[in-house]
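Asks: The following file, entry_5.tsv, comprises TSV, C-alpha atoms and all ligand atoms:
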```tsv
chain	number	residue	atom	x	y	z
A	1	MET	CA	15.87	-26.21	8.92
A	2	LEU	CA	12.50	-26.18	10.75
A	3	LYS	CA	11.27	-28.53	13.47
A	4	ARG	CA	7.63	-29.44	13.80
A	5	HIS	CA	6.35	-28.57	17.28
A	6	PRO	CA	5.59	-31.62	19.44
A	7	ALA	CA	2.18	-30.14	20.34
A	8	ASN	CA	1.06	-30.18	16.68
A	9	PRO	CA	-1.58	-29.64	15.55
A	10	ILE	CA	-1.72	-26.63	17.82
A	11	LEU	CA	-5.31	-25.78	16.86
A	12	GLN	CA	-8.12	-27.92	15.49
A	13	HIS	CA	-11.90	-28.06	15.30
A	14	THR	CA	-12.29	-29.71	18.72
A	15	ASP	CA	-10.75	-26.59	20.30
A	16	CYS	CA	-13.65	-24.42	19.10
A	17	PRO	CA	-16.73	-23.73	21.27
A	18	PHE	CA	-18.84	-23.23	18.09
A	19	PRO	CA	-19.51	-25.34	14.97
A	20	ALA	CA	-16.12	-25.90	13.35
A	21	THR	CA	-14.73	-28.55	11.02
A	22	MET	CA	-11.64	-27.40	9.13
A	23	VAL	CA	-9.68	-24.89	11.21
A	24	PHE	CA	-6.64	-23.70	9.26
A	25	ASN	CA	-4.76	-20.88	7.45
A	26	ALA	CA	-4.31	-18.65	10.47
A	27	GLY	CA	-2.76	-15.20	10.70
A	28	VAL	CA	-0.73	-14.74	13.90
A	29	ALA	CA	0.74	-11.68	15.62
A	30	ARG	CA	1.99	-10.47	18.97
A	31	PHE	CA	-0.32	-7.67	20.05
A	32	ALA	CA	-0.98	-5.98	23.40
A	33	GLY	CA	1.20	-8.41	25.34
A	34	ARG	CA	-0.22	-11.67	24.00
A	35	TYR	CA	-0.28	-13.84	20.92
A	36	VAL	CA	-3.31	-13.38	18.71
A	37	MET	CA	-4.49	-15.74	15.99
A	38	VAL	CA	-7.28	-15.22	13.45
A	39	PHE	CA	-8.09	-18.48	11.73
A	40	ARG	CA	-10.29	-19.75	8.92
A	41	ASN	CA	-13.08	-22.14	9.87
A	42	ASP	CA	-14.82	-24.13	7.14
A	43	TYR	CA	-17.73	-25.78	8.94
A	44	GLY	CA	-19.76	-28.74	7.80
A	45	ARG	CA	-19.43	-32.47	8.30
A	46	TRP	CA	-16.12	-34.15	9.11
A	47	GLY	CA	-14.82	-36.04	6.09
A	48	ASP	CA	-17.12	-34.22	3.67
A	49	ALA	CA	-15.67	-31.75	1.16
A	50	ARG	CA	-19.04	-29.95	0.85
A	51	ILE	CA	-19.01	-27.29	3.53
A	52	ASP	CA	-21.92	-25.30	4.99
A	53	GLY	CA	-19.96	-22.05	5.29
A	54	THR	CA	-16.77	-20.28	6.29
A	55	ASN	CA	-16.11	-17.78	9.05
A	56	LEU	CA	-13.07	-16.41	10.87
A	57	GLY	CA	-12.35	-17.30	14.48
A	58	LEU	CA	-10.07	-15.73	17.08
A	59	ALA	CA	-7.70	-17.44	19.49
A	60	THR	CA	-5.29	-15.94	22.03
A	61	SER	CA	-2.31	-17.36	23.82
A	62	ALA	CA	0.34	-16.47	26.39
A	63	ASP	CA	3.05	-18.64	24.79
A	64	GLY	CA	2.06	-18.98	21.12
A	65	VAL	CA	1.56	-22.74	21.52
A	66	LYS	CA	-1.48	-23.30	23.76
A	67	TRP	CA	-4.48	-21.35	22.49
A	68	THR	CA	-7.89	-20.34	23.85
A	69	VAL	CA	-10.57	-19.84	21.25
A	70	HIS	CA	-12.93	-16.88	21.60
A	71	PRO	CA	-16.53	-18.07	22.27
A	72	ARG	CA	-17.90	-16.85	18.91
A	73	PRO	CA	-16.49	-16.40	15.39
A	74	VAL	CA	-15.27	-12.81	14.93
A	75	LEU	CA	-16.11	-12.44	11.25
A	76	GLU	CA	-19.17	-14.09	9.77
A	77	LEU	CA	-20.21	-13.63	6.16
A	78	GLU	CA	-23.11	-11.31	7.08
A	79	GLN	CA	-20.82	-9.04	9.11
A	80	ALA	CA	-18.38	-8.85	6.21
A	81	ARG	CA	-21.23	-8.03	3.82
A	82	ALA	CA	-22.43	-5.22	6.07
A	83	GLY	CA	-18.95	-3.89	6.76
A	84	LEU	CA	-17.87	-3.91	3.11
A	85	ARG	CA	-21.10	-2.36	1.82
A	86	HIS	CA	-19.51	1.11	1.48
A	87	LEU	CA	-16.82	-0.31	-0.84
A	88	TYR	CA	-19.13	-1.49	-3.68
A	89	PRO	CA	-22.45	-0.35	-5.19
A	90	GLU	CA	-25.57	-1.19	-3.21
A	91	ARG	CA	-27.28	-2.54	-6.34
A	92	PHE	CA	-24.81	-5.45	-6.50
A	93	GLY	CA	-26.99	-6.87	-3.78
A	94	ALA	CA	-26.53	-8.57	-0.45
A	95	GLY	CA	-25.14	-11.70	-2.11
A	96	PHE	CA	-22.20	-9.94	-3.76
A	97	ILE	CA	-19.74	-11.15	-1.11
A	98	LYS	CA	-19.81	-14.94	-0.99
A	99	ARG	CA	-17.01	-16.02	1.36
A	100	VAL	CA	-14.26	-14.58	3.60
A	101	TYR	CA	-11.11	-16.60	4.23
A	102	ASP	CA	-7.32	-16.90	4.64
A	103	PRO	CA	-6.58	-14.04	7.09
A	104	ARG	CA	-3.11	-12.61	7.66
A	105	ILE	CA	-2.28	-10.15	10.45
A	106	THR	CA	0.36	-7.42	10.31
A	107	VAL	CA	0.96	-4.83	13.00
A	108	VAL	CA	2.17	-1.64	11.31
A	109	GLU	CA	3.11	1.34	13.50
A	110	GLY	CA	1.03	-0.13	16.32
A	111	ARG	CA	-2.06	-0.58	14.09
A	112	ALA	CA	-3.43	-4.12	13.83
A	113	LEU	CA	-4.31	-4.80	10.20
A	114	LEU	CA	-5.93	-7.87	8.71
A	115	CYS	CA	-5.73	-8.90	5.06
A	116	PHE	CA	-8.06	-11.61	3.83
A	117	ALA	CA	-9.56	-13.00	0.65
A	118	VAL	CA	-13.20	-12.59	-0.35
A	119	ASP	CA	-14.99	-14.49	-3.06
A	120	THR	CA	-17.36	-12.07	-4.80
A	121	ALA	CA	-19.85	-12.39	-7.63
A	122	HIS	CA	-17.19	-10.71	-9.80
A	123	GLY	CA	-14.19	-12.80	-8.83
A	124	ILE	CA	-11.79	-13.14	-5.90
A	125	SER	CA	-10.58	-9.96	-4.20
A	126	GLY	CA	-8.41	-8.96	-1.27
A	127	VAL	CA	-9.65	-6.86	1.66
A	128	ILE	CA	-7.72	-4.83	4.21
A	129	ALA	CA	-9.35	-4.21	7.58
A	130	GLU	CA	-8.25	-2.54	10.79
A	131	THR	CA	-9.06	-3.61	14.33
A	132	GLU	CA	-8.31	-2.62	17.89
A	133	ASP	CA	-9.52	-5.79	19.60
A	134	PHE	CA	-9.67	-8.44	16.81
A	135	GLU	CA	-13.39	-8.77	17.52
A	136	SER	CA	-14.70	-5.93	15.34
A	137	TYR	CA	-13.22	-4.68	12.09
A	138	ARG	CA	-13.28	-1.53	9.92
A	139	PHE	CA	-12.93	-2.37	6.26
A	140	LEU	CA	-10.55	-0.06	4.41
A	141	SER	CA	-10.16	-1.42	0.90
A	142	LEU	CA	-11.40	-4.06	-1.53
A	143	SER	CA	-9.14	-4.91	-4.47
A	144	ALA	CA	-10.20	-5.38	-8.07
A	145	PRO	CA	-10.55	-9.04	-9.01
A	146	ASP	CA	-8.71	-11.38	-9.51
A	147	ASN	CA	-6.21	-11.05	-6.73
A	148	ARG	CA	-5.65	-12.50	-3.25
A	149	ASN	CA	-3.05	-13.78	-0.75
A	150	MET	CA	-2.29	-10.23	0.31
A	151	VAL	CA	0.30	-9.67	3.03
A	152	LEU	CA	1.39	-6.31	4.39
A	153	PHE	CA	4.95	-5.46	5.34
A	154	PRO	CA	5.23	-4.54	9.04
A	155	GLU	CA	6.52	-1.02	8.38
A	156	ARG	CA	6.31	1.69	5.72
A	157	ILE	CA	9.04	1.55	3.12
A	158	GLY	CA	9.99	4.80	1.40
A	159	GLY	CA	7.10	6.41	3.30
A	160	GLU	CA	4.43	4.05	1.91
A	161	PHE	CA	2.58	0.92	3.00
A	162	VAL	CA	3.64	-2.07	0.92
A	163	ARG	CA	1.97	-5.39	0.24
A	164	LEU	CA	2.67	-8.58	-1.65
A	165	GLU	CA	-0.22	-10.05	-3.60
A	166	ARG	CA	-1.02	-12.81	-6.06
A	167	PRO	CA	-3.07	-11.89	-9.11
A	168	PHE	CA	-4.60	-14.55	-11.35
A	169	PRO	CA	-3.70	-13.74	-14.94
A	170	VAL	CA	-6.47	-14.85	-17.31
A	171	TYR	CA	-5.18	-13.97	-20.78
A	172	MET	CA	-1.64	-14.52	-22.05
A	173	ARG	CA	-0.67	-16.55	-19.04
A	174	ALA	CA	2.05	-19.17	-19.21
A	175	GLU	CA	1.09	-22.78	-19.88
A	176	PRO	CA	0.90	-24.60	-17.58
A	177	GLU	CA	-0.52	-21.91	-15.29
A	178	ALA	CA	2.25	-20.05	-13.53
A	179	PHE	CA	0.77	-17.45	-11.21
A	180	PRO	CA	3.45	-15.12	-9.78
A	181	ILE	CA	3.85	-12.83	-6.73
A	182	TRP	CA	3.45	-9.08	-7.26
A	183	ILE	CA	4.05	-6.07	-5.04
A	184	SER	CA	2.16	-2.79	-4.71
A	185	GLN	CA	2.24	0.25	-2.48
A	186	SER	CA	-0.13	2.76	-0.92
A	187	PRO	CA	0.02	6.07	0.92
A	188	ASP	CA	-3.02	5.24	3.07
A	189	LEU	CA	-3.93	1.50	2.82
A	190	LYS	CA	-6.82	2.45	0.47
A	191	TYR	CA	-5.26	3.49	-2.82
A	192	TRP	CA	-2.94	0.78	-4.13
A	193	GLY	CA	-0.70	1.23	-7.14
A	194	ARG	CA	2.73	0.89	-8.71
A	195	GLN	CA	2.17	-2.87	-9.09
A	196	ARG	CA	5.25	-4.83	-10.17
A	197	PRO	CA	5.95	-8.55	-10.48
A	198	VAL	CA	8.46	-9.86	-7.92
A	199	LEU	CA	8.85	-13.61	-8.25
A	200	GLY	CA	7.54	-16.06	-10.86
A	201	ALA	CA	6.50	-19.67	-10.34
A	202	ASP	CA	9.25	-20.62	-12.78
A	203	ASP	CA	11.84	-19.08	-10.41
A	204	VAL	CA	10.87	-21.68	-7.80
A	205	PRO	CA	12.18	-25.21	-8.53
A	206	TYR	CA	9.43	-26.91	-6.48
A	207	ALA	CA	6.52	-25.06	-8.16
A	208	ASN	CA	5.12	-26.02	-11.54
A	209	CYS	CA	1.80	-24.26	-11.15
A	210	LYS	CA	1.57	-21.27	-8.86
A	211	ILE	CA	3.22	-19.51	-5.98
A	212	GLY	CA	1.88	-16.90	-3.61
A	213	PRO	CA	2.73	-14.80	-0.58
A	214	ALA	CA	2.28	-16.81	2.63
A	215	ALA	CA	2.98	-15.05	5.95
A	216	PRO	CA	3.79	-11.33	6.17
A	217	PRO	CA	7.54	-10.63	5.74
A	218	VAL	CA	9.79	-10.23	8.77
A	219	ARG	CA	12.67	-7.70	8.92
A	220	THR	CA	16.16	-9.21	9.30
A	221	ARG	CA	19.65	-7.74	8.82
A	222	ALA	CA	19.89	-9.52	5.43
A	223	GLY	CA	16.52	-8.50	4.02
A	224	TRP	CA	12.80	-9.14	4.39
A	225	LEU	CA	12.43	-12.82	5.19
A	226	THR	CA	9.34	-13.75	3.20
A	227	PRO	CA	7.55	-17.11	3.38
A	228	ILE	CA	5.79	-18.16	0.19
A	229	HIS	CA	3.62	-21.09	-0.79
A	230	ALA	CA	4.56	-23.06	-3.87
A	231	VAL	CA	2.33	-25.52	-5.67
A	232	TRP	CA	3.31	-28.67	-7.55
A	233	LYS	CA	0.45	-30.16	-9.58
A	234	ASP	CA	0.63	-33.67	-10.97
A	235	GLU	CA	-2.65	-35.09	-12.24
A	236	ARG	CA	-1.19	-38.62	-12.25
A	237	THR	CA	-0.68	-38.60	-8.48
A	238	ARG	CA	-3.80	-38.57	-6.35
A	239	LEU	CA	-3.09	-37.16	-2.89
A	240	GLY	CA	-5.03	-37.72	0.34
A	241	GLY	CA	-8.20	-35.71	0.81
A	242	TRP	CA	-11.96	-35.55	0.96
A	243	GLU	CA	-12.54	-34.25	-2.57
A	244	PRO	CA	-14.59	-36.94	-4.37
A	245	GLN	CA	-12.90	-36.09	-7.70
A	246	GLY	CA	-9.42	-36.32	-6.10
A	247	TRP	CA	-6.78	-33.77	-5.06
A	248	PHE	CA	-3.55	-33.41	-7.00
A	249	LYS	CA	-1.84	-30.22	-5.79
A	250	LYS	CA	0.99	-30.45	-3.29
A	251	TYR	CA	1.52	-27.18	-1.37
A	252	PHE	CA	5.03	-26.49	-0.03
A	253	ALA	CA	6.25	-23.66	2.18
A	254	GLY	CA	9.12	-21.79	0.52
A	255	LEU	CA	11.24	-18.84	1.51
A	256	ALA	CA	12.48	-15.70	-0.24
A	257	LEU	CA	14.64	-12.82	0.96
A	258	LEU	CA	13.67	-9.39	-0.39
A	259	ASP	CA	15.75	-6.21	-0.41
A	260	LEU	CA	15.09	-4.06	2.68
A	261	ALA	CA	14.95	-0.73	0.83
A	262	ASP	CA	13.28	-2.05	-2.34
A	263	PRO	CA	11.36	-5.27	-1.63
A	264	SER	CA	10.50	-5.69	-5.32
A	265	LYS	CA	14.09	-6.98	-5.62
A	266	VAL	CA	14.71	-10.62	-4.73
A	267	VAL	CA	17.98	-10.97	-2.81
A	268	GLY	CA	17.71	-14.72	-2.25
A	269	LEU	CA	15.47	-17.75	-2.50
A	270	MET	CA	15.57	-21.21	-0.95
A	271	ARG	CA	16.10	-23.66	-3.81
A	272	THR	CA	14.40	-26.45	-1.84
A	273	PRO	CA	11.17	-26.29	0.20
A	274	LEU	CA	11.29	-24.76	3.66
A	275	LEU	CA	8.66	-27.31	4.68
A	276	ALA	CA	7.26	-30.19	2.61
A	277	PRO	CA	4.17	-32.21	3.62
A	278	GLU	CA	5.33	-35.25	5.59
A	279	ALA	CA	3.54	-35.46	8.95
A	280	GLY	CA	0.24	-37.34	9.16
A	281	TYR	CA	-1.72	-34.13	9.84
A	282	GLU	CA	-0.19	-32.58	6.70
A	283	LEU	CA	-0.91	-35.57	4.47
A	284	GLU	CA	-4.46	-36.45	5.57
A	285	GLY	CA	-7.47	-34.17	5.86
A	286	PHE	CA	-9.69	-32.08	3.60
A	287	ARG	CA	-6.88	-31.50	1.09
A	288	GLY	CA	-3.92	-33.75	1.83
A	289	SER	CA	-0.34	-32.58	1.32
A	290	ALA	CA	-1.14	-28.89	1.79
A	291	ILE	CA	1.16	-26.64	3.84
A	292	PHE	CA	-0.10	-23.07	3.79
A	293	PRO	CA	1.71	-20.65	6.14
A	294	CYS	CA	-0.12	-17.44	7.07
A	295	GLY	CA	1.96	-16.28	10.08
A	296	MET	CA	5.66	-16.04	10.95
A	297	LEU	CA	7.17	-14.46	14.06
A	298	LEU	CA	10.77	-13.64	14.94
A	299	ASP	CA	11.66	-13.88	18.65
A	300	ASP	CA	14.30	-11.66	20.31
A	301	ASP	CA	16.72	-14.61	20.49
A	302	GLY	CA	16.50	-15.25	16.73
A	303	GLY	CA	13.91	-18.00	17.05
A	304	ILE	CA	11.45	-18.28	14.18
A	305	ARG	CA	7.89	-19.57	14.53
A	306	LEU	CA	6.06	-20.50	11.36
A	307	TYR	CA	2.31	-21.06	11.71
A	308	TYR	CA	0.70	-22.93	8.86
A	309	GLY	CA	-2.49	-24.58	7.76
A	310	ALA	CA	-1.96	-28.34	7.36
A	311	ALA	CA	-4.09	-30.34	4.90
A	312	ASP	CA	-6.61	-27.44	4.99
A	313	THR	CA	-7.81	-29.00	8.25
A	314	VAL	CA	-5.69	-27.92	11.26
A	315	VAL	CA	-3.15	-25.28	12.32
A	316	ALA	CA	0.44	-26.39	12.94
A	317	LEU	CA	3.65	-24.73	14.12
A	318	ALA	CA	7.28	-25.25	13.08
A	319	THR	CA	10.27	-23.52	14.65
A	320	GLY	CA	13.82	-22.71	13.60
A	321	HIS	CA	16.52	-20.04	13.75
A	322	VAL	CA	16.60	-16.90	11.63
A	323	ASP	CA	20.33	-17.30	10.80
A	324	ASP	CA	19.74	-20.75	9.26
A	325	LEU	CA	16.86	-19.42	7.19
A	326	ILE	CA	18.86	-16.46	5.91
A	327	ALA	CA	21.83	-18.69	5.05
A	328	ALA	CA	19.56	-21.01	3.05
A	329	CYS	CA	18.47	-18.23	0.68
A	330	VAL	CA	20.71	-17.94	-2.37
A	331	PRO	CA	20.65	-15.46	-5.26
A	332	LEU	CA	18.31	-16.34	-8.15
A	333	GLY	CA	20.07	-18.37	-10.84
B	401	LIG	C1	-5.43	-22.19	-2.16
B	401	LIG	C2	-6.31	-21.44	-1.18
B	401	LIG	C3	-5.95	-21.82	0.24
B	401	LIG	C4	-5.84	-23.32	0.42
B	401	LIG	C5	-4.98	-23.92	-0.68
B	401	LIG	C6	-4.92	-25.43	-0.60
B	401	LIG	O1	-5.81	-21.95	-3.47
B	401	LIG	O2	-7.67	-21.74	-1.42
B	401	LIG	O3	-6.95	-21.34	1.07
B	401	LIG	O4	-5.24	-23.59	1.66
B	401	LIG	O5	-5.51	-23.56	-1.92
B	401	LIG	O6	-6.19	-26.00	-0.79
```
Transcribe the structure of this file into structure tokens.
Ligand code: BMA

Replies:
Amino acid sequence: MLKRHPANPILQHTDCPFPATMVFNAGVARFAGRYVMVFRNDYGRWGDARIDGTNLGLATSADGVKWTVHPRPVLELEQARAGLRHLYPERFGAGFIKRVYDPRITVVEGRALLCFAVDTAHGISGVIAETEDFESYRFLSLSAPDNRNMVLFPERIGGEFVRLERPFPVYMRAEPEAFPIWISQSPDLKYWGRQRPVLGADDVPYANCKIGPAAPPVRTRAGWLTPIHAVWKDERTRLGGWEPQGWFKKYFAGLALLDLADPSKVVGLMRTPLLAPEAGYELEGFRGSAIFPCGMLLDDDGGIRLYYGAADTVVALATGHVDDLIAACVPLG
């Protein structure tokens, strides 16, 4: 269904002109005549799971394969703290925001919007920011905890902005944990409401733990083509990785098709993974066997490019054709 690009990994720490170690989970868009990528950089020592910090870097490209990294990170923790200050009480202190990570880019009506996760003293939240140049950001909203993996649809639906998100239920959740994908909508990107569940982990045959939105959905004639990530956890099988206590969660890329007019309705789902960890750069690294897509683009000729974090260590690209992906999605059983 998808072919791994021969240039993989298309971005890694050695491509960065600043301290970088794990370079992964990158949002990608076409904007102002070029390809733009905002990636997560966990910096520290190679081979060591204890990192010194996380920031977001920027890379640009003429062809979506060969990337040039901007000389400095574009979002450091201190910038995020300063920029988000108006969205929470001052008395929570400078340390309230602890980490920024996992960016996704969606261009909606010509506006470049970035969704990313923030760890806060009160739990994990999702942020929406707007940018003109991908170097400086205006922060529009901070979600209540515990929620993340937010992706915006590339156009308004029924007059409203729409996003997929992945809350973490704490009470009354299924055993084993089965975190689902939800949807919500907003008139202005600030006030989010009408939350509804869309897809459960138990709908996905290759997830026994959690699923989440991956890259922002892409419009096709058959529906919104929507990459997801799906997690299979087996504590008897230790996977590759740098975690001293071991790593046991395999992350697959999956694919759903959502109704164009009402994306809370699932039209189809791939019953098998869209991409399963197999290549060396997917199996070995910080967290082996992790495929975590954060960007998908549809070319005019029907070509699909899926950009994904591999082993939480590098960025990789896989390509395919939109017709094959649509045909692989079948109605929920
Ligand atoms: C998820 C997130 C992602 C990461 C994945 C695999 O929970 O933290 O950033 O890629 O785990 O480690």

Asks: Within 10 Å of ligand LIG 401 (chain B) (counting all atoms listed in the file), which residues show up? I'd like them as an NGL selection string.

Replies: :A and (24-25 or 40 or 101-103 or 117 or 148-149 or 210-212 or 214 or 229 or 231 or 247 or 249-251 or 286-294 or 308-313)

Asks: Between A:Trp224, A:Phe116, A:Phe168, A:Phe96, which has the minimum distance to Phe153 of chain A (counting all atoms listed in the file)?

Replies: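 Once distances to Phe153 of chain A are computed over all atoms listed in the file, the minimum belongs to A:Trp224.
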
Asks: Please compute the atom CA of Ala279 of chain A-atom CA of Leu2 of chain A distance, one decimal, in Å.

Replies: 13.0 Å

Asks: For Thr120 of chain A, which residue out of A:Ile105, A:Leu297, A:Ala327, A:Val100 is the nearest one, using only C-alpha atoms?

Replies: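 Ranked by minimum distance to Thr120 of chain A, first place goes to A:Val100.
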
Asks: Please provide the set of residues having any atom within 8 Å of segment 315-318 of chain A, restricted to only C-alpha atoms, with same-chain residues fewer than 5 positions apart removed, written as a list of chain:residue names.

Replies: A:Leu2, A:Lys3, A:Arg4, A:His5, A:Asn8, A:Pro9, A:Ile10, A:Leu11, A:Gln12, A:Val23, A:Phe24, A:Asn25, A:Ala26, A:Val65, A:Arg305, A:Leu306, A:Tyr307, A:Tyr308, A:Gly309, A:Ala310

Asks: Can I get the selection written as a short mmCIF file (atom, residue, chain, number, x, y, z; two decimals), in the coordinates of the input, with C-alpha atoms?

Replies:
```
data_model
loop_
_atom_site.label_atom_id
_atom_site.label_comp_id
_atom_site.auth_asym_id
_atom_site.auth_seq_id
_atom_site.Cartn_x
_atom_site.Cartn_y
_atom_site.Cartn_z
CA LEU A 2 12.50 -26.18 10.75
CA LYS A 3 11.27 -28.53 13.47
CA ARG A 4 7.63 -29.44 13.80
CA HIS A 5 6.35 -28.57 17.28
CA ASN A 8 1.06 -30.18 16.68
CA PRO A 9 -1.58 -29.64 15.55
CA ILE A 10 -1.72 -26.63 17.82
CA LEU A 11 -5.31 -25.78 16.86
CA GLN A 12 -8.12 -27.92 15.49
CA VAL A 23 -9.68 -24.89 11.21
CA PHE A 24 -6.64 -23.70 9.26
CA ASN A 25 -4.76 -20.88 7.45
CA ALA A 26 -4.31 -18.65 10.47
CA VAL A 65 1.56 -22.74 21.52
CA ARG A 305 7.89 -19.57 14.53
CA LEU A 306 6.06 -20.50 11.36
CA TYR A 307 2.31 -21.06 11.71
CA TYR A 308 0.70 -22.93 8.86
CA GLY A 309 -2.49 -24.58 7.76
CA ALA A 310 -1.96 -28.34 7.36
#
```

Asks: Please report the interatomic distance between atom CA of Pro213 of chain A and atom CA of Ile228 of chain A in Å with one decimal.

Replies: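 One can read the atom CA of Pro213 of chain A to atom CA of Ile228 of chain A distance as 4.6 Å.
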
Asks: Taking only C-alpha atoms into account, which of A:Phe252, A:Phe161, A:Tyr171, A:Tyr281 comes nearest Val204 of chain A?

Replies: A:Phe252

Asks: Expressed in Å to a single decimal, how great is the separation between atom CA of Lys233 of chain A and atom CA of Leu258 of chain A?

Replies: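 Computing it gives 26.3 Å between the two atoms.
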
Asks: How big is the axis-aligned box around all listed atoms of segment 184-188 of chain A once 6 Å goes on each side, and where's its centre, in Å to one decimal, as AutoDock Vina command-line options?

Replies:
```
--center_x -0.4 --center_y 1.6 --center_z -0.8 --size_x 17.3 --size_y 20.9 --size_z 19.8
```

Asks: List the neighbours of His122 of chain A out to 9 Å using all atoms listed in the file; skip same-chain residues closer than 5 positions along the sequence, and give me the result as a CSV table (one decimal) with C-alpha atoms, in the coordinates of the input.

Replies:
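So the final result, stored in result.csv, reads:
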```
chain,number,residue,atom,x,y,z
A,96,PHE,CA,-22.2,-9.9,-3.8
A,144,ALA,CA,-10.2,-5.4,-8.1
A,145,PRO,CA,-10.6,-9.0,-9.0
A,146,ASP,CA,-8.7,-11.4,-9.5
```

Asks: Compare A:Phe92, A:Tyr35, A:Trp242, A:Phe18 by their minimum atom-to-atom distance to Leu56 of chain A, counting all atoms listed in the file, and give me the closest one.

Replies: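 Among the listed residues, the smallest separation from Leu56 of chain A belongs to A:Phe18.
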
Asks: Taking 2 positions as the minimum chain separation for residues in the same chain, which residues sit within 7 Å of Leu332 of chain A when counting all atoms listed in the file? Answer as a list in words.

Replies: Gly268, Leu269 and Val330 of chain A

Asks: Using all atoms listed in the file, which of A:His70, A:Glu243, A:Ala253, A:Thr14 sits nearest Asp48 of chain A?

Replies: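 For Asp48 of chain A, the nearest of the given residues is A:Glu243.
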
Asks: Which neighbours of Pro331 of chain A fall inside 10 Å, counting only C-alpha atoms, when residues of the same chain fewer than 6 positions from it are skipped, and could you give them as a PDB file with C-alpha atoms, in the frame of the given file?

Replies:
```pdb
ATOM      1  CA  ALA A 256      12.480 -15.700  -0.240  1.00  0.00           C
ATOM      2  CA  LEU A 257      14.640 -12.820   0.960  1.00  0.00           C
ATOM      3  CA  VAL A 266      14.710 -10.620  -4.730  1.00  0.00           C
ATOM      4  CA  VAL A 267      17.980 -10.970  -2.810  1.00  0.00           C
ATOM      5  CA  GLY A 268      17.710 -14.720  -2.250  1.00  0.00           C
ATOM      6  CA  LEU A 269      15.470 -17.750  -2.500  1.00  0.00           C
ATOM      7  CA  MET A 270      15.570 -21.210  -0.950  1.00  0.00           C
ATOM      8  CA  ARG A 271      16.100 -23.660  -3.810  1.00  0.00           C
TER       9      ARG A 271
END
```

Asks: For Pro6 of chain A, which of A:Asp234, A:Lys66, A:Ser61, A:Leu274 is the closest residue, counting all atoms listed in the file?

Replies: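 Looking at the shortest contact to Pro6 of chain A, the residue is A:Lys66.
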
Asks: Skipping near chain neighbours, those fewer than 6 positions away, what residues fall within 6 Å of Val151 of chain A using all atoms listed in the file, listed as a list of chain:residue names?

Replies: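 Close residues of Val151 of chain A: A:Arg163, A:Leu164, A:Pro216.
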
Asks: Those residues you just picked out, can you put them in a file as a PDB file, in the coordinates of the input with C-alpha atoms?

Replies:
```pdb
ATOM      1  CA  ARG A 163       1.970  -5.390   0.240  1.00  0.00           C
ATOM      2  CA  LEU A 164       2.670  -8.580  -1.650  1.00  0.00           C
ATOM      3  CA  PRO A 216       3.790 -11.330   6.170  1.00  0.00           C
TER       4      PRO A 216
END
```

Asks: Kindly complete segment 265-276 of chain A to N, CA and C atoms; the output should be written as a compact mmCIF listing (two decimals), keeping the file's coordinate frame.

Replies:
```txt
# COMPACT_ATOMS: atom_id res chain seq x y z
N LYS A 265 12.87 -6.27 -5.20
CA LYS A 265 14.09 -6.98 -5.62
C LYS A 265 14.29 -8.23 -4.77
N VAL A 266 14.48 -9.36 -5.44
CA VAL A 266 14.71 -10.62 -4.73
C VAL A 266 16.21 -10.76 -4.46
N VAL A 267 16.57 -10.82 -3.20
CA VAL A 267 17.98 -10.97 -2.81
C VAL A 267 18.36 -12.45 -2.77
N GLY A 268 17.41 -13.29 -2.36
CA GLY A 268 17.71 -14.72 -2.25
C GLY A 268 16.43 -15.54 -2.22
N LEU A 269 16.61 -16.83 -2.49
CA LEU A 269 15.47 -17.75 -2.50
C LEU A 269 15.98 -19.12 -2.06
N MET A 270 15.20 -19.82 -1.26
CA MET A 270 15.57 -21.21 -0.95
C MET A 270 15.28 -22.07 -2.16
N ARG A 271 16.26 -22.84 -2.59
CA ARG A 271 16.10 -23.66 -3.81
C ARG A 271 15.32 -24.94 -3.52
N THR A 272 15.17 -25.27 -2.24
CA THR A 272 14.40 -26.45 -1.84
C THR A 272 13.30 -25.97 -0.88
N PRO A 273 12.25 -26.76 -0.68
CA PRO A 273 11.17 -26.29 0.20
C PRO A 273 11.64 -26.04 1.63
N LEU A 274 11.06 -25.03 2.24
CA LEU A 274 11.29 -24.76 3.66
C LEU A 274 10.58 -25.85 4.48
N LEU A 275 9.42 -26.24 4.02
CA LEU A 275 8.66 -27.31 4.68
C LEU A 275 7.86 -28.04 3.61
N ALA A 276 8.01 -29.36 3.57
CA ALA A 276 7.26 -30.19 2.61
C ALA A 276 6.31 -31.07 3.40
```
